[in-house]
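Chemist: Input: one structure, supplied below.
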Amino acid sequence: MNFQVTGLALDKMKLDSPHSFLDSEEVEEAEDQQLLEPEAWRTYMERRNVLREFLTTDLSPQLLKRHHARMQLLKKCSYYIEILPKHLALGDQNPLVLPNTMFQLIDPWKFQRMKKVGTAQTKIQLLLLGDLLEQLDNGRAALDALLEAPDPRPFLAGWGLVEQQLADLSVVMDNFLAMMVPGHLHVKHRLVSDIGATKIPHIRLMLSTKMPVMFDRKESVAHQDWVSLRWFVTSQPAAPEQYELRFKLLEPRTQQECTQCGIVPVAACTFDVHNLLPNRTYKFTIKRAESYTLVYEPWRDSLTLQTTPGPPEGPAPSRLGKSSLPLTTPSER
């Protein structure tokens, strides 16, 4: 019995050819190499590797993705003024003045003005962070396109500009990372009024960040006429804080149902809301309680839950034989 294999042309294939099993990338590389002299080709490959290394380490897609996630988190944070003493006066034997004590020394009107400055500075900082992150995204896209360009000659000719781009993007990344952490609040005027003391404490103002408060969507559950709510602080260990919980009935049908709303102060991370209507939708929001040092809070988490339906309503129980009799008044008898 003879078997014949046709169509494969195995007898004509040159298995010893170096290009027999090259993948498409190697074929393209071989074609590109024909455009350059050997020395220029070596220079091109060295510089290409430098660019590839930068895009996979200093400006990788995974790194940019993490920065975008961090940026979204910062947009949900709460920002506060933190008052800290700079140092003790020379020869002063008194203990360090605590921030709570220092509030008594600060002019309230000047402090309110500084809160407005803190609000503006925080907004500007978030805008600048967004702009820097956009520069990093656009810079990576431009360099990635240059790396994938089919002709190596423009790459070599414009290497000076590429080096400048790499340096500029490194500076942008450094600025972005430095600005991620709130810093000093710029103070132009003295906040402590003349208290007649020989030593006026030196203070410094800082912008501090608190991570957003978010509902636990797995543990927050609606029942027939009440809900059990749970929340937590993102990326922070639990600490005693005061919260403000708001709730309201969506789409009330009567004037009485419009009263199904409220604001509840809570000193824990859990709360049960009772006396709700069955089979209705409620909206809940959670945030930290108002603080004297709060300067900016652009976001608060909200959660919508629907209570479960009540028991089915059947016909009202009645006495046998009397349900069909019409009601009469004494005057009709």
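Ordered as shown in the structure tokens, chains take letters A, B, and onward, while each chain numbers its residues from 1 and ligands are numbered from 1 in the order shown.
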Which residues are near segment 141-144 of chain A? Cut-off 8 Å, only C-alpha atoms, ignore same chain within fewer than 4 positions. Put them as a CSV table (one decimal) with all heavy atoms, in the first residue's frame.
Modeler:
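Now in part-v3.csv:
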chain,number,residue,atom,x,y,z
A,51,LEU,N,14.4,53.2,24.6
A,51,LEU,CA,13.0,53.6,24.6
A,51,LEU,C,12.0,52.6,25.1
A,51,LEU,O,11.1,52.8,25.9
A,51,LEU,CB,12.6,54.1,23.2
A,51,LEU,CG,11.2,54.6,23.0
A,51,LEU,CD1,10.9,55.7,23.9
A,51,LEU,CD2,11.0,55.0,21.6
A,55,LEU,N,9.5,52.7,28.4
A,55,LEU,CA,8.0,52.5,28.3
A,55,LEU,C,7.5,51.3,29.1
A,55,LEU,O,6.3,51.2,29.4
A,55,LEU,CB,7.6,52.4,26.8
A,55,LEU,CG,7.8,53.6,26.0
A,55,LEU,CD1,7.4,53.3,24.5
A,55,LEU,CD2,7.0,54.8,26.5
A,137,ASP,N,-0.1,60.3,29.8
A,137,ASP,CA,-0.8,59.5,28.8
A,137,ASP,C,-0.4,59.8,27.4
A,137,ASP,O,-0.1,58.9,26.6
A,137,ASP,CB,-2.3,59.6,29.0
A,137,ASP,CG,-2.8,59.0,30.3
A,137,ASP,OD1,-2.1,58.0,30.8
A,137,ASP,OD2,-3.8,59.4,30.8
A,148,GLU,N,6.8,51.8,17.2
A,148,GLU,CA,6.2,50.9,16.3
A,148,GLU,C,6.3,51.4,14.8
A,148,GLU,O,5.8,50.7,13.9
A,148,GLU,CB,4.8,50.7,16.6
A,148,GLU,CG,4.5,50.1,18.0
A,148,GLU,CD,5.2,48.7,18.2
A,148,GLU,OE1,5.3,48.0,17.2
A,148,GLU,OE2,5.7,48.5,19.4
A,162,VAL,N,13.7,62.8,20.9
A,162,VAL,CA,13.2,61.7,21.8
A,162,VAL,C,13.8,61.7,23.2
A,162,VAL,O,13.2,61.6,24.2
A,162,VAL,CB,13.5,60.3,21.1
A,162,VAL,CG1,13.1,59.2,22.0
A,162,VAL,CG2,12.8,60.2,19.8
Chemist: Could you list, with a cut-off of 8 Å and counting only C-alpha atoms, the residues of segment 129-167 of chain A near segment 173-177 of chain A, each shown with its nearest atom pair and the distance in Å rounded to one decimal, rows sorted by chain and ascending number, as CSV?
Modeler:
residue,atom,partner,partner_atom,distance
A:Leu129,CA,A:Phe176,CA,6.1
A:Leu132,CA,A:Phe176,CA,6.1
A:Leu133,CA,A:Phe176,CA,7.2
A:Leu136,CA,A:Met173,CA,7.3
Chemist: Calculated over only C-alpha atoms, which of the candidates A:Ala178, A:Leu105, A:Val295, A:Leu146 has the smallest distance to Arg47 of chain A?
Modeler: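 The closest residue to Arg47 of chain A is A:Leu146.
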Chemist: Please list as a ChimeraX atom specification every residue within 9 Å of segment 61-77 of chain A, counting only C-alpha atoms and excluding residues in the same chain fewer than 3 positions away.
Modeler: /A:55-58,126,129-130,133,136-137,140,180,209-213,234,296-301
Chemist: Per DSSP on the backbone, filter segment 60-176 of chain A down to the residues in helix (DSSP H, G or I) and report them as a CSV table (one decimal) with N, CA, C and O atoms, in the first residue's frame.
Modeler:
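This is the output file states_8.csv:
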chain,number,residue,atom,x,y,z
A,61,PRO,N,2.0,50.8,31.1
A,61,PRO,CA,0.5,50.9,31.2
A,61,PRO,C,0.0,50.6,32.6
A,61,PRO,O,-1.0,51.2,33.0
A,62,GLN,N,0.6,49.6,33.2
A,62,GLN,CA,0.1,49.2,34.6
A,62,GLN,C,0.4,50.3,35.5
A,62,GLN,O,-0.5,50.6,36.4
A,63,LEU,N,1.5,51.0,35.4
A,63,LEU,CA,1.8,52.1,36.3
A,63,LEU,C,0.8,53.3,36.1
A,63,LEU,O,0.3,53.9,37.0
A,64,LEU,N,0.5,53.6,34.8
A,64,LEU,CA,-0.4,54.7,34.5
A,64,LEU,C,-1.8,54.3,35.0
A,64,LEU,O,-2.6,55.2,35.5
A,65,LYS,N,-2.2,53.0,34.9
A,65,LYS,CA,-3.5,52.6,35.4
A,65,LYS,C,-3.6,52.8,36.9
A,65,LYS,O,-4.7,53.2,37.4
A,66,ARG,N,-2.5,52.5,37.6
A,66,ARG,CA,-2.6,52.7,39.1
A,66,ARG,C,-2.7,54.2,39.4
A,66,ARG,O,-3.4,54.6,40.4
A,67,HIS,N,-2.0,55.0,38.6
A,67,HIS,CA,-2.1,56.5,38.9
A,67,HIS,C,-3.5,57.0,38.6
A,67,HIS,O,-4.0,57.9,39.3
A,68,HIS,N,-4.1,56.5,37.6
A,68,HIS,CA,-5.5,56.9,37.3
A,68,HIS,C,-6.4,56.5,38.4
A,68,HIS,O,-7.3,57.2,38.8
A,69,ALA,N,-6.2,55.3,38.9
A,69,ALA,CA,-7.1,54.8,40.1
A,69,ALA,C,-6.8,55.7,41.3
A,69,ALA,O,-7.8,56.1,42.0
A,70,ARG,N,-5.6,56.0,41.5
A,70,ARG,CA,-5.3,56.9,42.7
A,70,ARG,C,-5.9,58.3,42.5
A,70,ARG,O,-6.4,58.9,43.4
A,71,MET,N,-5.9,58.8,41.2
A,71,MET,CA,-6.4,60.1,40.9
A,71,MET,C,-7.9,60.1,41.2
A,71,MET,O,-8.5,61.1,41.8
A,72,GLN,N,-8.6,59.0,40.8
A,72,GLN,CA,-10.0,59.0,41.1
A,72,GLN,C,-10.3,58.9,42.5
A,72,GLN,O,-11.3,59.5,43.0
A,73,LEU,N,-9.4,58.3,43.3
A,73,LEU,CA,-9.6,58.2,44.7
A,73,LEU,C,-9.4,59.6,45.4
A,73,LEU,O,-10.2,60.0,46.3
A,74,LEU,N,-8.4,60.3,44.9
A,74,LEU,CA,-8.2,61.7,45.4
A,74,LEU,C,-9.4,62.6,45.2
A,74,LEU,O,-9.7,63.5,46.0
A,99,PRO,N,-2.5,71.1,69.1
A,99,PRO,CA,-3.3,71.7,68.1
A,99,PRO,C,-4.6,72.3,68.6
A,99,PRO,O,-5.1,73.3,68.3
A,100,ASN,N,-5.3,71.5,69.5
A,100,ASN,CA,-6.6,71.9,70.1
A,100,ASN,C,-6.4,73.2,70.9
A,100,ASN,O,-7.3,74.1,70.9
A,101,THR,N,-5.3,73.3,71.6
A,101,THR,CA,-5.0,74.5,72.4
A,101,THR,C,-4.7,75.7,71.4
A,101,THR,O,-5.0,76.8,71.7
A,102,MET,N,-4.0,75.4,70.3
A,102,MET,CA,-3.6,76.5,69.4
A,102,MET,C,-4.8,77.1,68.7
A,102,MET,O,-4.7,78.3,68.3
A,108,PRO,N,-10.3,83.8,64.6
A,108,PRO,CA,-11.3,83.0,63.9
A,108,PRO,C,-11.6,83.6,62.5
A,108,PRO,O,-11.7,82.8,61.5
A,109,TRP,N,-11.6,84.9,62.4
A,109,TRP,CA,-11.9,85.5,61.0
A,109,TRP,C,-10.7,85.2,60.1
A,109,TRP,O,-11.0,84.8,58.9
A,110,LYS,N,-9.5,85.3,60.5
A,110,LYS,CA,-8.3,85.0,59.7
A,110,LYS,C,-8.3,83.5,59.3
A,110,LYS,O,-7.9,83.1,58.2
A,111,PHE,N,-8.7,82.6,60.3
A,111,PHE,CA,-8.8,81.2,60.0
A,111,PHE,C,-9.8,80.9,58.9
A,111,PHE,O,-9.6,80.0,58.0
A,112,GLN,N,-11.0,81.5,59.0
A,112,GLN,CA,-12.0,81.3,57.9
A,112,GLN,C,-11.4,81.7,56.5
A,112,GLN,O,-11.7,81.1,55.5
A,113,ARG,N,-10.7,82.8,56.5
A,113,ARG,CA,-10.1,83.2,55.3
A,113,ARG,C,-9.1,82.2,54.8
A,113,ARG,O,-9.0,81.9,53.6
A,114,MET,N,-8.3,81.6,55.7
A,114,MET,CA,-7.4,80.6,55.3
A,114,MET,C,-8.0,79.3,54.8
A,114,MET,O,-7.5,78.6,54.0
A,115,LYS,N,-9.2,79.1,55.3
A,115,LYS,CA,-10.0,77.9,54.8
A,115,LYS,C,-10.4,78.1,53.4
A,115,LYS,O,-10.3,77.1,52.6
A,116,LYS,N,-10.7,79.3,53.0
A,116,LYS,CA,-11.0,79.6,51.6
A,116,LYS,C,-9.8,79.4,50.7
A,116,LYS,O,-9.8,78.9,49.6
A,117,VAL,N,-8.6,79.8,51.3
A,117,VAL,CA,-7.4,79.6,50.5
A,117,VAL,C,-7.1,78.2,50.4
A,117,VAL,O,-6.6,77.7,49.3
A,118,GLY,N,-7.3,77.4,51.4
A,118,GLY,CA,-7.1,76.0,51.4
A,118,GLY,C,-8.0,75.3,50.4
A,118,GLY,O,-7.6,74.4,49.6
A,119,THR,N,-9.3,75.7,50.3
A,119,THR,CA,-10.2,75.2,49.3
A,119,THR,C,-9.7,75.5,47.9
A,119,THR,O,-9.7,74.6,47.0
A,120,ALA,N,-9.3,76.7,47.6
A,120,ALA,CA,-8.8,77.1,46.3
A,120,ALA,C,-7.5,76.3,46.0
A,120,ALA,O,-7.3,75.8,44.8
A,121,GLN,N,-6.6,76.1,46.9
A,121,GLN,CA,-5.4,75.4,46.7
A,121,GLN,C,-5.6,74.0,46.4
A,121,GLN,O,-5.0,73.4,45.5
A,122,THR,N,-6.6,73.4,47.1
A,122,THR,CA,-6.9,72.0,46.9
A,122,THR,C,-7.5,71.8,45.5
A,122,THR,O,-7.1,70.8,44.8
A,123,LYS,N,-8.4,72.6,45.1
A,123,LYS,CA,-9.0,72.5,43.7
A,123,LYS,C,-7.9,72.7,42.6
A,123,LYS,O,-7.9,71.9,41.7
A,124,ILE,N,-7.0,73.6,42.8
A,124,ILE,CA,-6.0,73.8,41.8
A,124,ILE,C,-5.0,72.6,41.8
A,124,ILE,O,-4.6,72.2,40.7
A,125,GLN,N,-4.7,72.1,42.9
A,125,GLN,CA,-3.8,70.9,43.0
A,125,GLN,C,-4.5,69.7,42.3
A,125,GLN,O,-3.8,69.0,41.5
A,126,LEU,N,-5.7,69.5,42.4
A,126,LEU,CA,-6.4,68.4,41.7
A,126,LEU,C,-6.4,68.6,40.2
A,126,LEU,O,-6.2,67.7,39.4
A,127,LEU,N,-6.7,69.9,39.8
A,127,LEU,CA,-6.6,70.2,38.4
A,127,LEU,C,-5.2,70.0,37.8
A,127,LEU,O,-5.1,69.4,36.7
A,128,LEU,N,-4.2,70.4,38.5
A,128,LEU,CA,-2.8,70.2,38.0
A,128,LEU,C,-2.5,68.7,37.9
A,128,LEU,O,-1.8,68.3,37.0
A,129,LEU,N,-2.9,67.9,38.9
A,129,LEU,CA,-2.7,66.5,38.9
A,129,LEU,C,-3.3,65.9,37.6
A,129,LEU,O,-2.7,65.0,37.0
A,130,GLY,N,-4.6,66.3,37.3
A,130,GLY,CA,-5.2,65.7,36.1
A,130,GLY,C,-4.5,66.1,34.9
A,130,GLY,O,-4.4,65.3,33.9
A,131,ASP,N,-4.0,67.4,34.8
A,131,ASP,CA,-3.2,67.8,33.7
A,131,ASP,C,-1.9,67.1,33.5
A,131,ASP,O,-1.5,66.6,32.4
A,132,LEU,N,-1.2,66.8,34.6
A,132,LEU,CA,0.1,66.1,34.5
A,132,LEU,C,-0.2,64.6,34.1
A,132,LEU,O,0.6,64.1,33.3
A,133,LEU,N,-1.3,64.0,34.6
A,133,LEU,CA,-1.6,62.7,34.2
A,133,LEU,C,-1.9,62.6,32.7
A,133,LEU,O,-1.5,61.6,32.0
A,134,GLU,N,-2.6,63.6,32.2
A,134,GLU,CA,-2.9,63.6,30.8
A,134,GLU,C,-1.6,63.8,30.0
A,134,GLU,O,-1.5,63.1,28.9
A,135,GLN,N,-0.7,64.6,30.4
A,135,GLN,CA,0.6,64.7,29.7
A,135,GLN,C,1.4,63.3,29.7
A,135,GLN,O,2.0,63.0,28.7
A,136,LEU,N,1.3,62.6,30.8
A,136,LEU,CA,1.9,61.3,30.8
A,136,LEU,C,1.3,60.3,29.8
A,136,LEU,O,1.9,59.5,29.1
A,137,ASP,N,-0.1,60.3,29.8
A,137,ASP,CA,-0.8,59.5,28.8
A,137,ASP,C,-0.4,59.8,27.4
A,137,ASP,O,-0.1,58.9,26.6
A,138,ASN,N,-0.5,61.1,27.1
A,138,ASN,CA,-0.2,61.5,25.7
A,138,ASN,C,1.3,61.3,25.3
A,138,ASN,O,1.6,60.9,24.2
A,139,GLY,N,2.2,61.5,26.3
A,139,GLY,CA,3.6,61.2,26.0
A,139,GLY,C,3.9,59.8,25.7
A,139,GLY,O,4.6,59.4,24.8
A,140,ARG,N,3.3,58.9,26.5
A,140,ARG,CA,3.5,57.5,26.3
A,140,ARG,C,2.9,57.1,24.9
A,140,ARG,O,3.5,56.3,24.2
A,141,ALA,N,1.7,57.6,24.5
A,141,ALA,CA,1.1,57.2,23.3
A,141,ALA,C,2.0,57.7,22.1
A,141,ALA,O,2.2,56.9,21.1
A,142,ALA,N,2.6,58.9,22.2
A,142,ALA,CA,3.5,59.4,21.1
A,142,ALA,C,4.8,58.5,21.0
A,142,ALA,O,5.2,58.2,19.9
A,143,LEU,N,5.4,58.2,22.2
A,143,LEU,CA,6.6,57.4,22.1
A,143,LEU,C,6.3,55.9,21.7
A,143,LEU,O,7.1,55.3,21.0
A,144,ASP,N,5.2,55.4,22.0
A,144,ASP,CA,4.8,54.1,21.6
A,144,ASP,C,4.6,54.0,20.1
A,144,ASP,O,5.0,53.0,19.4
A,145,ALA,N,4.0,55.1,19.5
A,145,ALA,CA,3.8,55.1,18.1
A,145,ALA,C,5.2,55.2,17.4
A,145,ALA,O,5.4,54.6,16.3
A,146,LEU,N,6.1,56.0,18.0
A,146,LEU,CA,7.4,56.1,17.4
A,146,LEU,C,8.2,54.7,17.4
A,146,LEU,O,8.9,54.4,16.5
A,147,LEU,N,8.0,54.0,18.5
A,147,LEU,CA,8.6,52.7,18.7
A,147,LEU,C,8.1,51.7,17.6
A,147,LEU,O,8.8,50.8,17.2
A,152,PRO,N,13.1,52.9,10.3
A,152,PRO,CA,13.9,53.3,11.4
A,152,PRO,C,14.7,54.6,11.2
A,152,PRO,O,15.2,55.2,12.1
A,153,ARG,N,14.7,55.1,10.0
A,153,ARG,CA,15.5,56.3,9.7
A,153,ARG,C,14.9,57.6,10.4
A,153,ARG,O,15.7,58.3,11.0
A,154,PRO,N,13.6,57.9,10.4
A,154,PRO,CA,13.1,59.0,11.1
A,154,PRO,C,13.4,58.9,12.6
A,154,PRO,O,13.7,59.9,13.3
A,155,PHE,N,13.4,57.7,13.1
A,155,PHE,CA,13.7,57.4,14.6
A,155,PHE,C,15.1,57.9,14.9
A,155,PHE,O,15.4,58.6,15.9
A,156,LEU,N,16.1,57.5,14.1
A,156,LEU,CA,17.5,57.9,14.3
A,156,LEU,C,17.7,59.4,14.1
A,156,LEU,O,18.4,60.0,14.9
A,157,ALA,N,17.0,59.9,13.1
A,157,ALA,CA,17.2,61.4,12.8
A,157,ALA,C,16.6,62.2,13.9
A,157,ALA,O,17.2,63.3,14.2
A,159,TRP,N,16.4,61.4,17.2
A,159,TRP,CA,16.7,60.9,18.5
A,159,TRP,C,16.9,62.0,19.6
A,159,TRP,O,16.6,61.8,20.7
A,160,GLY,N,17.4,63.1,19.1
A,160,GLY,CA,17.6,64.2,20.1
A,160,GLY,C,16.3,64.7,20.7
A,160,GLY,O,16.3,64.9,21.9
A,161,LEU,N,15.3,64.7,19.9
A,161,LEU,CA,14.0,65.1,20.4
A,161,LEU,C,13.4,64.0,21.3
A,161,LEU,O,12.7,64.3,22.3
A,162,VAL,N,13.7,62.8,20.9
A,162,VAL,CA,13.2,61.7,21.8
A,162,VAL,C,13.8,61.7,23.2
A,162,VAL,O,13.2,61.6,24.2
A,163,GLU,N,15.1,62.0,23.2
A,163,GLU,CA,15.8,62.1,24.5
A,163,GLU,C,15.2,63.2,25.3
A,163,GLU,O,15.1,63.1,26.5
A,164,GLN,N,14.9,64.4,24.7
A,164,GLN,CA,14.3,65.5,25.4
A,164,GLN,C,12.9,65.1,25.9
A,164,GLN,O,12.5,65.5,27.0
A,165,GLN,N,12.1,64.3,25.1
A,165,GLN,CA,10.8,63.9,25.6
A,165,GLN,C,11.0,63.0,26.8
A,165,GLN,O,10.2,63.1,27.7
A,166,LEU,N,11.9,62.1,26.8
A,166,LEU,CA,12.1,61.2,27.9
A,166,LEU,C,12.5,62.0,29.2
A,166,LEU,O,11.9,61.7,30.3
A,167,ALA,N,13.3,63.0,29.0
A,167,ALA,CA,13.7,63.8,30.2
A,167,ALA,C,12.5,64.6,30.7
A,167,ALA,O,12.2,64.7,31.9
A,168,ASP,N,11.7,65.2,29.7
A,168,ASP,CA,10.5,66.0,30.1
A,168,ASP,C,9.5,65.1,30.8
A,168,ASP,O,8.9,65.5,31.8
A,169,LEU,N,9.3,63.9,30.3
A,169,LEU,CA,8.3,63.0,30.9
A,169,LEU,C,8.7,62.5,32.3
A,169,LEU,O,7.9,62.3,33.2
A,170,SER,N,10.0,62.4,32.5
A,170,SER,CA,10.5,62.0,33.8
A,170,SER,C,10.3,63.2,34.8
A,170,SER,O,9.9,62.9,36.0
A,171,VAL,N,10.4,64.4,34.4
A,171,VAL,CA,10.1,65.5,35.2
A,171,VAL,C,8.6,65.6,35.6
A,171,VAL,O,8.2,65.9,36.7
A,172,VAL,N,7.8,65.4,34.5
A,172,VAL,CA,6.4,65.4,34.8
A,172,VAL,C,6.0,64.3,35.8
A,172,VAL,O,5.2,64.5,36.7
A,173,MET,N,6.6,63.1,35.7
A,173,MET,CA,6.3,62.0,36.6
A,173,MET,C,6.7,62.4,38.0
A,173,MET,O,5.9,62.2,39.0
A,174,ASP,N,7.9,63.0,38.2
A,174,ASP,CA,8.3,63.5,39.5
A,174,ASP,C,7.4,64.5,40.1
A,174,ASP,O,7.0,64.5,41.3
A,175,ASN,N,6.9,65.5,39.3
A,175,ASN,CA,6.0,66.5,39.7
A,175,ASN,C,4.7,65.9,40.1
A,175,ASN,O,4.1,66.3,41.1
A,176,PHE,N,4.2,64.9,39.3
A,176,PHE,CA,3.0,64.2,39.6
A,176,PHE,C,3.0,63.5,41.0
A,176,PHE,O,2.1,63.6,41.8
Chemist: Output as a ChimeraX atom specification all residues of segment 51-283 of chain A that backbone DSSP marks as strand (DSSP E).
Modeler: /A:78-85,203-210,213-215,221-222,227-233,243-249,261-266,270-273,281-283
Chemist: Provide the atom CA of Cys261 of chain A to atom CA of Arg246 of chain A distance in Å, to one decimal place.
Modeler: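 Between these atoms lies a distance of 7.5 Å.
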Chemist: If you count only C-alpha atoms, which residues fall within 12 Å of Ser302 of chain A, apart from same-chain ones fewer than 6 positions away, as number ranges by chain?
Modeler: A: 212-217, 220, 229, 231, 245-248, 282-287
Chemist: Only N, CA and C atoms, please: the residues just picked out, written as a CSV table (one decimal), in the first residue's frame.
Modeler:
chain,number,residue,atom,x,y,z
A,212,PRO,N,-12.1,58.5,51.3
A,212,PRO,CA,-13.5,58.6,51.3
A,212,PRO,C,-14.2,57.5,52.1
A,213,VAL,N,-15.4,57.9,52.6
A,213,VAL,CA,-16.3,57.0,53.3
A,213,VAL,C,-17.2,56.3,52.3
A,214,MET,N,-17.3,55.0,52.3
A,214,MET,CA,-18.0,54.3,51.2
A,214,MET,C,-18.9,53.2,51.9
A,215,PHE,N,-20.1,53.0,51.3
A,215,PHE,CA,-21.0,52.0,51.8
A,215,PHE,C,-20.4,50.6,51.4
A,216,ASP,N,-20.6,49.7,52.3
A,216,ASP,CA,-20.3,48.3,52.1
A,216,ASP,C,-21.5,47.7,51.3
A,217,ARG,N,-21.4,47.5,50.0
A,217,ARG,CA,-22.6,47.1,49.3
A,217,ARG,C,-23.0,45.7,49.4
A,220,SER,N,-24.8,45.9,53.3
A,220,SER,CA,-26.0,46.7,53.4
A,220,SER,C,-27.1,46.0,52.7
A,229,LEU,N,-27.4,49.1,57.3
A,229,LEU,CA,-26.4,49.8,56.5
A,229,LEU,C,-25.0,49.6,57.2
A,231,TRP,N,-20.8,50.8,56.4
A,231,TRP,CA,-19.8,51.6,55.6
A,231,TRP,C,-18.4,51.5,56.2
A,245,LEU,N,-25.5,60.4,58.2
A,245,LEU,CA,-26.3,59.6,57.4
A,245,LEU,C,-27.6,60.3,56.9
A,246,ARG,N,-27.8,60.3,55.7
A,246,ARG,CA,-29.1,60.9,55.1
A,246,ARG,C,-29.8,59.8,54.4
A,247,PHE,N,-31.2,59.9,54.4
A,247,PHE,CA,-32.0,59.0,53.7
A,247,PHE,C,-33.3,59.7,53.2
A,248,LYS,N,-33.8,59.2,52.1
A,248,LYS,CA,-35.1,59.8,51.7
A,248,LYS,C,-35.8,58.8,50.8
A,282,TYR,N,-35.4,53.6,48.4
A,282,TYR,CA,-34.8,54.7,49.2
A,282,TYR,C,-33.4,55.0,48.8
A,283,LYS,N,-33.0,56.2,48.9
A,283,LYS,CA,-31.6,56.6,48.7
A,283,LYS,C,-30.9,57.0,50.0
A,284,PHE,N,-29.7,56.5,50.2
A,284,PHE,CA,-29.0,56.8,51.4
A,284,PHE,C,-27.6,57.4,51.0
A,285,THR,N,-27.2,58.4,51.7
A,285,THR,CA,-25.9,59.0,51.5
A,285,THR,C,-25.1,59.0,52.9
A,286,ILE,N,-23.8,58.9,52.8
A,286,ILE,CA,-23.0,58.9,54.0
A,286,ILE,C,-21.8,59.8,53.8
A,287,LYS,N,-21.4,60.5,54.8
A,287,LYS,CA,-20.3,61.4,54.8
A,287,LYS,C,-19.8,61.6,56.3
